[in-house]
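K.L.:
My questions all concern the structure below.
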Amino acid sequence: MQFYHGDMCMQMCAVRNLGSKIFRNLLQICLFPVRLKRQSVCERKLQMNLLITLIVVLNSQPADARDVKPKEETYVPDYTIYHNVSQLQKDLADIAQRNPNYFKLDHTYRSRLDQSQLLLRITNFTGSRVSHNLHVHIPKVKVLLSYAEHAREFLPVESMLYFLHNITGGLMAPAGSHSDLFSRFILSNFDLFIVAMMNPDGRHHVETTKNYCWRGTSEGVDLNRNFDWNFGGPGSSGDVNDEEYRGKKVFSEPESHILRELTSKYKFDAFVSFHAGIRQIYVPFADSKSKKIKRKPHNLDGMLDLATILSTATVNHYRYGLAYNLNDYTADGTVFDYMAGKRRIPFSFAIELWGIGDYKGAKCFDLFNPRSKDLQVAVEEIHPLYESLFSYLRKWKERQVIKALDPELDAPSLTLGFILLATVIIITIFVAIQNRLPQCLRVFPRRRVISLKSLSSTFSMVQLR
């Protein structure tokens, strides 16, 4: 009896993108029982064990696994324009020092190599609430933004800095100007938490080695596969050399702790994880299990409504939708899935801000970041997306508060509809019974109708007389 038929083994091999050498070795093991008519039990067991081992190893790696080895880049960053880690830290410290009433920089959360993750909190610390025009107090909208989870993606951090400089610039702008109104709007209505550098070790690795394909932490872990949402699924890798290496266990990386602890301490209204590589807005979920069972987040309609607005907020339109529908691959252990599924944050997105996706001849830095000379234009074009995001969230928060205080205020058109419907019913009933009432009880008694012809005859008779 044969333990494995040759055709079956070839089908197993076709499931994975195997190197030709591995394929030949596996095929030889599969076909070995066919070539030999006489085998000992020991030989057959050995072949079975070898085949099982190979299959287990191959199944532990995704079919589209990509390594993170350096490439000869088309272009690289000019650090007189792009910010390296030390320049970023200096810039944020300067902003916080100049504007202590609005910006606070926290170095509490640190990486595996003890580098600050640069947590910046932005709000008007002199007041915790703003007044609604109906004298209803609206709490500030709490928003958590995350940048630089992937070391090679420089552009999102630069967009963040442009956003911050728009806020600080507005503090000195003429009263009533767009800049002034934007700054006041953000500082008065929001309590922002910005993790400016989720992965400082990984970024330092990129800067020192010039390997612009490097995605993970100092340990090579993809932070966006390290969170507690379907962790370890096939939409991640157990191979330390793979760019989607998930780590040894959930939350194994110190860098992922900051988002877990912040969302445990504060109740956020929205979370956004910013990336680059293509222009797309991902709505949870992205994981393998959710795709299989068609699972959807609890505030799907609200997320899609906001995503629709964001998709056309800039001159470059964005594709949007459920992540497992938008992509031809799944991603397990992502941070935005965790925020929607575990933390139940009403709005949770992963937004890729720039790029056209993978293309023939692409290297690494050019896939995720514009040329240095084009950076300013890129961040300027992205900025309206931030404005639309915060504008929507403020209006949403107001509706939530008003609805909680008086549910009837949330649907005035519905109340008016009931009133109109009742009015129509009453009038219909009244008209229906009008003709059934005695003459003396009718509101509109029946009147005799005289035709013009009969009236004319009457006048003629009078004249004859």
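Just so we're on the same page: first chain in the structure tokens is A, next is B, and so on; residues restart at 1 for each chain, and ligands are numbered from 1 in the order they show up.
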May I have the residues within 9 Å of region 237-253 of chain A as an NGL selection string, using only C-alpha atoms and disregarding those fewer than 2 positions away in the same chain?

P.N.:
:A and (60-62 or 65-69 or 111-112 or 213-217 or 219-229 or 231-235 or 255-257 or 260 or 331-333)

K.L.:
Store the residues of this selection in a file with N, CA, C and O atoms, as a short mmCIF file (atom, residue, chain, number, x, y, z; two decimals), in the first residue's frame.

P.N.:
```cif
data_model
loop_
_atom_site.label_atom_id
_atom_site.label_comp_id
_atom_site.auth_asym_id
_atom_site.auth_seq_id
_atom_site.Cartn_x
_atom_site.Cartn_y
_atom_site.Cartn_z
N SER A 60 3.50 27.09 7.42
CA SER A 60 3.70 28.14 8.42
C SER A 60 4.08 29.46 7.79
O SER A 60 4.21 30.47 8.46
N GLN A 61 4.27 29.47 6.44
CA GLN A 61 4.66 30.69 5.75
C GLN A 61 3.60 31.05 4.72
O GLN A 61 3.09 30.18 4.01
N PRO A 62 3.25 32.34 4.60
CA PRO A 62 2.25 32.74 3.63
C PRO A 62 2.74 32.56 2.21
O PRO A 62 3.93 32.64 1.93
N ALA A 65 4.86 35.48 0.75
CA ALA A 65 5.88 35.96 1.68
C ALA A 65 6.92 36.81 0.97
O ALA A 65 7.37 36.48 -0.12
N ARG A 66 7.28 37.91 1.59
CA ARG A 66 8.28 38.80 1.03
C ARG A 66 9.33 39.06 2.10
O ARG A 66 9.01 39.35 3.25
N ASP A 67 10.60 38.97 1.69
CA ASP A 67 11.65 39.24 2.67
C ASP A 67 11.87 40.74 2.78
O ASP A 67 11.22 41.54 2.09
N VAL A 68 12.75 41.13 3.66
CA VAL A 68 13.00 42.56 3.90
C VAL A 68 14.46 42.90 3.63
O VAL A 68 15.05 43.74 4.28
N LYS A 69 15.02 42.22 2.63
CA LYS A 69 16.40 42.51 2.26
C LYS A 69 16.47 43.82 1.48
O LYS A 69 15.54 44.16 0.75
N SER A 111 10.41 51.98 23.45
CA SER A 111 10.61 50.79 22.62
C SER A 111 11.49 49.76 23.32
O SER A 111 11.99 49.99 24.43
N ARG A 112 11.71 48.66 22.64
CA ARG A 112 12.57 47.62 23.18
C ARG A 112 13.98 48.14 23.45
O ARG A 112 14.62 47.75 24.42
N CYS A 213 13.65 48.72 2.78
CA CYS A 213 12.62 47.67 2.72
C CYS A 213 12.22 47.19 4.11
O CYS A 213 11.25 46.45 4.25
N TRP A 214 12.98 47.60 5.13
CA TRP A 214 12.73 47.14 6.49
C TRP A 214 11.41 47.69 7.01
O TRP A 214 11.16 48.88 7.00
N ARG A 215 10.58 46.78 7.52
CA ARG A 215 9.21 47.12 7.92
C ARG A 215 8.99 47.02 9.43
O ARG A 215 8.19 47.75 10.00
N GLY A 216 9.70 46.09 10.07
CA GLY A 216 9.39 45.74 11.45
C GLY A 216 10.18 46.48 12.50
O GLY A 216 10.80 47.51 12.26
N THR A 217 10.15 45.91 13.70
CA THR A 217 10.87 46.46 14.85
C THR A 217 12.33 46.03 14.78
O THR A 217 12.78 45.45 13.78
N GLU A 219 13.43 43.62 16.24
CA GLU A 219 13.35 42.16 16.18
C GLU A 219 12.73 41.67 14.87
O GLU A 219 12.54 40.47 14.69
N GLY A 220 12.40 42.61 14.00
CA GLY A 220 11.77 42.23 12.74
C GLY A 220 10.29 41.96 12.82
O GLY A 220 9.69 41.44 11.88
N VAL A 221 9.66 42.32 13.93
CA VAL A 221 8.22 42.05 14.13
C VAL A 221 7.39 43.14 13.47
O VAL A 221 7.64 44.33 13.66
N ASP A 222 6.39 42.73 12.72
CA ASP A 222 5.41 43.66 12.15
C ASP A 222 4.41 43.99 13.25
O ASP A 222 3.60 43.14 13.65
N LEU A 223 4.46 45.20 13.76
CA LEU A 223 3.56 45.59 14.85
C LEU A 223 2.10 45.45 14.47
O LEU A 223 1.24 45.21 15.33
N ASN A 224 1.82 45.58 13.19
CA ASN A 224 0.44 45.49 12.74
C ASN A 224 -0.02 44.04 12.52
O ASN A 224 -1.00 43.78 11.84
N ARG A 225 0.72 43.10 13.12
CA ARG A 225 0.29 41.70 13.20
C ARG A 225 0.44 41.18 14.63
O ARG A 225 0.28 39.99 14.87
N ASN A 226 0.71 42.08 15.57
CA ASN A 226 1.06 41.70 16.94
C ASN A 226 -0.06 41.92 17.95
O ASN A 226 0.11 41.71 19.14
N PHE A 227 -1.26 42.34 17.46
CA PHE A 227 -2.34 42.69 18.37
C PHE A 227 -3.33 41.53 18.56
O PHE A 227 -3.36 40.57 17.78
N ASP A 228 -4.11 41.66 19.61
CA ASP A 228 -4.98 40.58 20.05
C ASP A 228 -6.30 40.55 19.28
O ASP A 228 -7.37 40.80 19.83
N TRP A 229 -6.20 40.23 17.99
CA TRP A 229 -7.39 40.02 17.19
C TRP A 229 -7.04 38.98 16.12
O TRP A 229 -6.37 39.27 15.15
N PHE A 231 -4.95 36.73 16.37
CA PHE A 231 -3.49 36.63 16.32
C PHE A 231 -3.07 35.22 15.90
O PHE A 231 -3.62 34.23 16.36
N GLY A 232 -2.04 35.16 15.05
CA GLY A 232 -1.51 33.88 14.63
C GLY A 232 -2.20 33.27 13.44
O GLY A 232 -1.84 32.17 13.01
N GLY A 233 -3.20 33.97 12.89
CA GLY A 233 -3.90 33.43 11.73
C GLY A 233 -3.05 33.45 10.48
O GLY A 233 -1.93 33.97 10.47
N PRO A 234 -3.57 32.87 9.39
CA PRO A 234 -2.78 32.78 8.15
C PRO A 234 -2.47 34.12 7.51
O PRO A 234 -1.60 34.18 6.63
N GLY A 235 -3.14 35.17 7.94
CA GLY A 235 -2.84 36.51 7.42
C GLY A 235 -1.67 37.13 8.15
O GLY A 235 -1.63 38.36 8.34
N GLU A 255 6.56 47.87 21.93
CA GLU A 255 6.01 48.98 21.15
C GLU A 255 4.49 48.91 21.00
O GLU A 255 3.84 49.94 20.80
N SER A 256 3.93 47.72 21.05
CA SER A 256 2.47 47.60 20.90
C SER A 256 1.72 47.90 22.19
O SER A 256 0.50 48.10 22.18
N HIS A 257 2.43 47.97 23.30
CA HIS A 257 1.78 48.17 24.60
C HIS A 257 1.16 49.55 24.73
O HIS A 257 0.15 49.73 25.43
N ARG A 260 -2.45 49.60 23.62
CA ARG A 260 -3.26 48.79 24.53
C ARG A 260 -3.53 49.55 25.83
O ARG A 260 -4.66 49.58 26.33
N ALA A 331 -5.26 39.99 6.79
CA ALA A 331 -4.22 40.42 7.74
C ALA A 331 -4.73 40.12 9.15
O ALA A 331 -5.76 40.66 9.56
N ASP A 332 -4.02 39.28 9.86
CA ASP A 332 -4.43 38.88 11.21
C ASP A 332 -3.59 39.57 12.27
O ASP A 332 -2.37 39.71 12.12
N GLY A 333 -4.25 40.01 13.35
CA GLY A 333 -3.53 40.68 14.44
C GLY A 333 -3.31 42.16 14.22
O GLY A 333 -2.40 42.74 14.80
#
```

K.L.:
Just the residues within 8 Å of Val143 (chain A), please, counting only C-alpha atoms, with nothing from its chain fewer than 4 positions along; format it as a list in words.

P.N.:
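Listing them by chain and then by number gives Phe190, Asp191, Leu192, Phe193, Phe268, Asp269, Ala270 and Phe271 of chain A.
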
K.L.:
For the residues in the current selection, export all heavy atoms as a PDB file, in the first residue's frame.

P.N.:
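Final file, out-v5.pdb:
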```pdb
ATOM      1  N   PHE A 190     -11.440  69.041  20.627  1.00  0.00           N
ATOM      2  CA  PHE A 190     -10.826  67.717  20.600  1.00  0.00           C
ATOM      3  C   PHE A 190      -9.795  67.528  21.700  1.00  0.00           C
ATOM      4  O   PHE A 190      -9.164  68.476  22.157  1.00  0.00           O
ATOM      5  CB  PHE A 190     -10.154  67.471  19.237  1.00  0.00           C
ATOM      6  CG  PHE A 190     -11.130  67.357  18.111  1.00  0.00           C
ATOM      7  CD1 PHE A 190     -11.557  68.490  17.431  1.00  0.00           C
ATOM      8  CD2 PHE A 190     -11.659  66.127  17.751  1.00  0.00           C
ATOM      9  CE1 PHE A 190     -12.476  68.399  16.401  1.00  0.00           C
ATOM     10  CE2 PHE A 190     -12.584  66.024  16.727  1.00  0.00           C
ATOM     11  CZ  PHE A 190     -12.988  67.158  16.050  1.00  0.00           C
ATOM     12  N   ASP A 191      -9.653  66.271  22.075  1.00  0.00           N
ATOM     13  CA  ASP A 191      -8.580  65.833  22.964  1.00  0.00           C
ATOM     14  C   ASP A 191      -7.814  64.776  22.170  1.00  0.00           C
ATOM     15  O   ASP A 191      -8.219  63.617  22.112  1.00  0.00           O
ATOM     16  CB  ASP A 191      -9.168  65.250  24.252  1.00  0.00           C
ATOM     17  CG  ASP A 191      -8.107  65.012  25.320  1.00  0.00           C
ATOM     18  OD1 ASP A 191      -6.929  65.340  25.077  1.00  0.00           O
ATOM     19  OD2 ASP A 191      -8.455  64.487  26.388  1.00  0.00           O
ATOM     20  N   LEU A 192      -6.723  65.213  21.526  1.00  0.00           N
ATOM     21  CA  LEU A 192      -5.984  64.346  20.605  1.00  0.00           C
ATOM     22  C   LEU A 192      -4.802  63.679  21.288  1.00  0.00           C
ATOM     23  O   LEU A 192      -4.039  64.324  22.000  1.00  0.00           O
ATOM     24  CB  LEU A 192      -5.463  65.159  19.417  1.00  0.00           C
ATOM     25  CG  LEU A 192      -6.479  65.853  18.516  1.00  0.00           C
ATOM     26  CD1 LEU A 192      -5.751  66.552  17.370  1.00  0.00           C
ATOM     27  CD2 LEU A 192      -7.486  64.863  17.974  1.00  0.00           C
ATOM     28  N   PHE A 193      -4.656  62.389  21.024  1.00  0.00           N
ATOM     29  CA  PHE A 193      -3.492  61.623  21.457  1.00  0.00           C
ATOM     30  C   PHE A 193      -2.798  61.128  20.183  1.00  0.00           C
ATOM     31  O   PHE A 193      -3.386  60.358  19.415  1.00  0.00           O
ATOM     32  CB  PHE A 193      -3.895  60.439  22.331  1.00  0.00           C
ATOM     33  CG  PHE A 193      -4.466  60.820  23.671  1.00  0.00           C
ATOM     34  CD1 PHE A 193      -5.739  61.365  23.778  1.00  0.00           C
ATOM     35  CD2 PHE A 193      -3.726  60.618  24.835  1.00  0.00           C
ATOM     36  CE1 PHE A 193      -6.272  61.709  25.009  1.00  0.00           C
ATOM     37  CE2 PHE A 193      -4.253  60.949  26.076  1.00  0.00           C
ATOM     38  CZ  PHE A 193      -5.525  61.506  26.169  1.00  0.00           C
ATOM     39  N   PHE A 268     -11.958  56.293  23.862  1.00  0.00           N
ATOM     40  CA  PHE A 268     -11.781  57.052  22.624  1.00  0.00           C
ATOM     41  C   PHE A 268     -13.011  56.931  21.725  1.00  0.00           C
ATOM     42  O   PHE A 268     -13.692  55.914  21.691  1.00  0.00           O
ATOM     43  CB  PHE A 268     -10.541  56.570  21.877  1.00  0.00           C
ATOM     44  CG  PHE A 268      -9.244  56.967  22.534  1.00  0.00           C
ATOM     45  CD1 PHE A 268      -8.567  56.073  23.345  1.00  0.00           C
ATOM     46  CD2 PHE A 268      -8.730  58.236  22.351  1.00  0.00           C
ATOM     47  CE1 PHE A 268      -7.370  56.435  23.958  1.00  0.00           C
ATOM     48  CE2 PHE A 268      -7.542  58.619  22.961  1.00  0.00           C
ATOM     49  CZ  PHE A 268      -6.859  57.717  23.769  1.00  0.00           C
ATOM     50  N   ASP A 269     -13.232  58.008  20.982  1.00  0.00           N
ATOM     51  CA  ASP A 269     -14.311  58.021  19.992  1.00  0.00           C
ATOM     52  C   ASP A 269     -13.834  57.539  18.629  1.00  0.00           C
ATOM     53  O   ASP A 269     -14.633  57.047  17.829  1.00  0.00           O
ATOM     54  CB  ASP A 269     -14.877  59.439  19.846  1.00  0.00           C
ATOM     55  CG  ASP A 269     -15.479  59.953  21.141  1.00  0.00           C
ATOM     56  OD1 ASP A 269     -16.463  59.354  21.603  1.00  0.00           O
ATOM     57  OD2 ASP A 269     -14.961  60.946  21.696  1.00  0.00           O
ATOM     58  N   ALA A 270     -12.540  57.719  18.361  1.00  0.00           N
ATOM     59  CA  ALA A 270     -12.017  57.338  17.051  1.00  0.00           C
ATOM     60  C   ALA A 270     -10.550  56.951  17.156  1.00  0.00           C
ATOM     61  O   ALA A 270      -9.812  57.481  17.996  1.00  0.00           O
ATOM     62  CB  ALA A 270     -12.184  58.474  16.055  1.00  0.00           C
ATOM     63  N   PHE A 271     -10.157  56.027  16.284  1.00  0.00           N
ATOM     64  CA  PHE A 271      -8.753  55.619  16.168  1.00  0.00           C
ATOM     65  C   PHE A 271      -8.407  55.525  14.695  1.00  0.00           C
ATOM     66  O   PHE A 271      -9.187  55.011  13.892  1.00  0.00           O
ATOM     67  CB  PHE A 271      -8.517  54.255  16.823  1.00  0.00           C
ATOM     68  CG  PHE A 271      -7.172  53.664  16.478  1.00  0.00           C
ATOM     69  CD1 PHE A 271      -6.027  54.080  17.141  1.00  0.00           C
ATOM     70  CD2 PHE A 271      -7.048  52.711  15.472  1.00  0.00           C
ATOM     71  CE1 PHE A 271      -4.784  53.562  16.812  1.00  0.00           C
ATOM     72  CE2 PHE A 271      -5.810  52.181  15.143  1.00  0.00           C
ATOM     73  CZ  PHE A 271      -4.671  52.607  15.813  1.00  0.00           C
TER      74      PHE A 271
END
```

K.L.:
Any idea what the distance is between CA of Ser86 (chain A) and CA of Arg203 (chain A)?

P.N.:
10.7 Å

K.L.:
Just list as a ChimeraX atom specification whatever in region 176-301 of chain A DSSP marks as strand (DSSP E).

P.N.:
/A:190-195,270-275,280-283

K.L.:
Hey, can you spit out that residue selection with N, CA, C and O atoms as a PDB file, in the first residue's frame?

P.N.:
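Output contents, as saved in selection.pdb:
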```
ATOM      1  N   PHE A 190     -11.440  69.041  20.627  1.00  0.00           N
ATOM      2  CA  PHE A 190     -10.826  67.717  20.600  1.00  0.00           C
ATOM      3  C   PHE A 190      -9.795  67.528  21.700  1.00  0.00           C
ATOM      4  O   PHE A 190      -9.164  68.476  22.157  1.00  0.00           O
ATOM      5  N   ASP A 191      -9.653  66.271  22.075  1.00  0.00           N
ATOM      6  CA  ASP A 191      -8.580  65.833  22.964  1.00  0.00           C
ATOM      7  C   ASP A 191      -7.814  64.776  22.170  1.00  0.00           C
ATOM      8  O   ASP A 191      -8.219  63.617  22.112  1.00  0.00           O
ATOM      9  N   LEU A 192      -6.723  65.213  21.526  1.00  0.00           N
ATOM     10  CA  LEU A 192      -5.984  64.346  20.605  1.00  0.00           C
ATOM     11  C   LEU A 192      -4.802  63.679  21.288  1.00  0.00           C
ATOM     12  O   LEU A 192      -4.039  64.324  22.000  1.00  0.00           O
ATOM     13  N   PHE A 193      -4.656  62.389  21.024  1.00  0.00           N
ATOM     14  CA  PHE A 193      -3.492  61.623  21.457  1.00  0.00           C
ATOM     15  C   PHE A 193      -2.798  61.128  20.183  1.00  0.00           C
ATOM     16  O   PHE A 193      -3.386  60.358  19.415  1.00  0.00           O
ATOM     17  N   ILE A 194      -1.571  61.558  19.982  1.00  0.00           N
ATOM     18  CA  ILE A 194      -0.838  61.192  18.778  1.00  0.00           C
ATOM     19  C   ILE A 194       0.416  60.415  19.160  1.00  0.00           C
ATOM     20  O   ILE A 194       1.282  60.931  19.871  1.00  0.00           O
ATOM     21  N   VAL A 195       0.483  59.168  18.711  1.00  0.00           N
ATOM     22  CA  VAL A 195       1.710  58.387  18.859  1.00  0.00           C
ATOM     23  C   VAL A 195       2.528  58.662  17.603  1.00  0.00           C
ATOM     24  O   VAL A 195       2.280  58.090  16.542  1.00  0.00           O
ATOM     25  N   ALA A 270     -12.540  57.719  18.361  1.00  0.00           N
ATOM     26  CA  ALA A 270     -12.017  57.338  17.051  1.00  0.00           C
ATOM     27  C   ALA A 270     -10.550  56.951  17.156  1.00  0.00           C
ATOM     28  O   ALA A 270      -9.812  57.481  17.996  1.00  0.00           O
ATOM     29  N   PHE A 271     -10.157  56.027  16.284  1.00  0.00           N
ATOM     30  CA  PHE A 271      -8.753  55.619  16.168  1.00  0.00           C
ATOM     31  C   PHE A 271      -8.407  55.525  14.695  1.00  0.00           C
ATOM     32  O   PHE A 271      -9.187  55.011  13.892  1.00  0.00           O
ATOM     33  N   VAL A 272      -7.214  56.039  14.336  1.00  0.00           N
ATOM     34  CA  VAL A 272      -6.741  55.920  12.956  1.00  0.00           C
ATOM     35  C   VAL A 272      -5.275  55.512  12.973  1.00  0.00           C
ATOM     36  O   VAL A 272      -4.454  56.124  13.656  1.00  0.00           O
ATOM     37  N   SER A 273      -4.966  54.483  12.202  1.00  0.00           N
ATOM     38  CA  SER A 273      -3.592  54.032  11.985  1.00  0.00           C
ATOM     39  C   SER A 273      -3.202  54.452  10.569  1.00  0.00           C
ATOM     40  O   SER A 273      -3.816  54.019   9.595  1.00  0.00           O
ATOM     41  N   PHE A 274      -2.195  55.343  10.467  1.00  0.00           N
ATOM     42  CA  PHE A 274      -1.824  55.904   9.165  1.00  0.00           C
ATOM     43  C   PHE A 274      -0.670  55.133   8.526  1.00  0.00           C
ATOM     44  O   PHE A 274       0.319  54.801   9.187  1.00  0.00           O
ATOM     45  N   HIS A 275      -0.812  54.893   7.224  1.00  0.00           N
ATOM     46  CA  HIS A 275       0.189  54.149   6.457  1.00  0.00           C
ATOM     47  C   HIS A 275       0.379  54.795   5.097  1.00  0.00           C
ATOM     48  O   HIS A 275      -0.211  55.832   4.791  1.00  0.00           O
ATOM     49  N   GLN A 280      -5.967  54.199   0.053  1.00  0.00           N
ATOM     50  CA  GLN A 280      -7.121  53.383   0.433  1.00  0.00           C
ATOM     51  C   GLN A 280      -7.476  53.610   1.901  1.00  0.00           C
ATOM     52  O   GLN A 280      -6.602  53.864   2.727  1.00  0.00           O
ATOM     53  N   ILE A 281      -8.759  53.488   2.193  1.00  0.00           N
ATOM     54  CA  ILE A 281      -9.272  53.631   3.556  1.00  0.00           C
ATOM     55  C   ILE A 281      -9.892  52.294   3.958  1.00  0.00           C
ATOM     56  O   ILE A 281     -10.881  51.854   3.360  1.00  0.00           O
ATOM     57  N   TYR A 282      -9.297  51.665   4.949  1.00  0.00           N
ATOM     58  CA  TYR A 282      -9.735  50.327   5.358  1.00  0.00           C
ATOM     59  C   TYR A 282     -10.672  50.416   6.563  1.00  0.00           C
ATOM     60  O   TYR A 282     -10.333  51.006   7.586  1.00  0.00           O
ATOM     61  N   VAL A 283     -11.824  49.792   6.418  1.00  0.00           N
ATOM     62  CA  VAL A 283     -12.794  49.654   7.495  1.00  0.00           C
ATOM     63  C   VAL A 283     -12.659  48.231   8.037  1.00  0.00           C
ATOM     64  O   VAL A 283     -12.515  47.283   7.257  1.00  0.00           O
TER      65      VAL A 283
END
```

K.L.:
Hey, what's within 8 Å of Pro77 (chain A) if we count only C-alpha atoms and toss same-chain stuff fewer than 2 positions away? As a count of residues only, please?

P.N.:
6

K.L.:
So which residues touch region 392-397 of chain A within 9 Å, counting only C-alpha atoms, skipping near sequence neighbours fewer than 4 positions away, as a compact mmCIF listing (two decimals) with N, CA, C and O atoms, in the first residue's frame?

P.N.:
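Result written to around.txt:
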```txt
# COMPACT_ATOMS: atom_id res chain seq x y z
N ILE A 138 -21.01 69.80 25.30
CA ILE A 138 -20.51 68.68 24.50
C ILE A 138 -19.09 68.34 24.96
O ILE A 138 -18.19 69.17 24.86
N PRO A 139 -18.85 67.13 25.48
CA PRO A 139 -17.48 66.75 25.85
C PRO A 139 -16.58 66.75 24.62
O PRO A 139 -17.04 66.54 23.50
N LYS A 140 -15.31 66.97 24.84
CA LYS A 140 -14.37 66.96 23.72
C LYS A 140 -14.29 65.56 23.10
O LYS A 140 -14.39 64.55 23.80
N VAL A 141 -14.11 65.54 21.81
CA VAL A 141 -13.99 64.27 21.09
C VAL A 141 -12.58 63.72 21.32
O VAL A 141 -11.58 64.40 21.06
N ASN A 189 -12.40 71.63 20.62
CA ASN A 189 -13.36 70.54 20.49
C ASN A 189 -12.78 69.14 20.61
O ASN A 189 -13.54 68.17 20.66
N PHE A 190 -11.44 69.04 20.63
CA PHE A 190 -10.83 67.72 20.60
C PHE A 190 -9.80 67.53 21.70
O PHE A 190 -9.16 68.48 22.16
N ASP A 269 -13.23 58.01 20.98
CA ASP A 269 -14.31 58.02 19.99
C ASP A 269 -13.83 57.54 18.63
O ASP A 269 -14.63 57.05 17.83
N ALA A 270 -12.54 57.72 18.36
CA ALA A 270 -12.02 57.34 17.05
C ALA A 270 -10.55 56.95 17.16
O ALA A 270 -9.81 57.48 18.00
N LEU A 306 -18.38 57.99 7.15
CA LEU A 306 -17.19 58.83 7.27
C LEU A 306 -16.18 58.50 6.17
O LEU A 306 -15.57 59.40 5.58
N ILE A 309 -16.95 60.24 2.93
CA ILE A 309 -16.57 61.66 2.94
C ILE A 309 -15.06 61.82 2.77
O ILE A 309 -14.59 62.65 1.99
N GLU A 387 -8.89 67.66 7.92
CA GLU A 387 -9.97 68.61 8.20
C GLU A 387 -11.33 67.93 8.13
O GLU A 387 -12.19 68.15 8.99
N SER A 388 -11.54 67.11 7.11
CA SER A 388 -12.82 66.41 6.96
C SER A 388 -13.04 65.40 8.08
O SER A 388 -14.17 65.24 8.57
N VAL A 401 -24.52 63.27 21.89
CA VAL A 401 -24.85 63.89 23.17
C VAL A 401 -26.30 64.34 23.19
O VAL A 401 -27.04 64.09 24.17
N ILE A 402 -26.77 64.97 22.13
CA ILE A 402 -28.15 65.44 22.07
C ILE A 402 -29.12 64.26 22.11
O ILE A 402 -30.15 64.29 22.78
```

K.L.:
Could you tell me how far CA of Tyr318 (chain A) sits from CA of Arg279 (chain A), in Å to one decimal place?

P.N.:
5.0 Å

K.L.:
Rounded to one decimal in Å, what is the spacing between CA of Val136 (chain A) and CA of Phe103 (chain A)?

P.N.:
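Those two atoms sit 26.7 Å apart.
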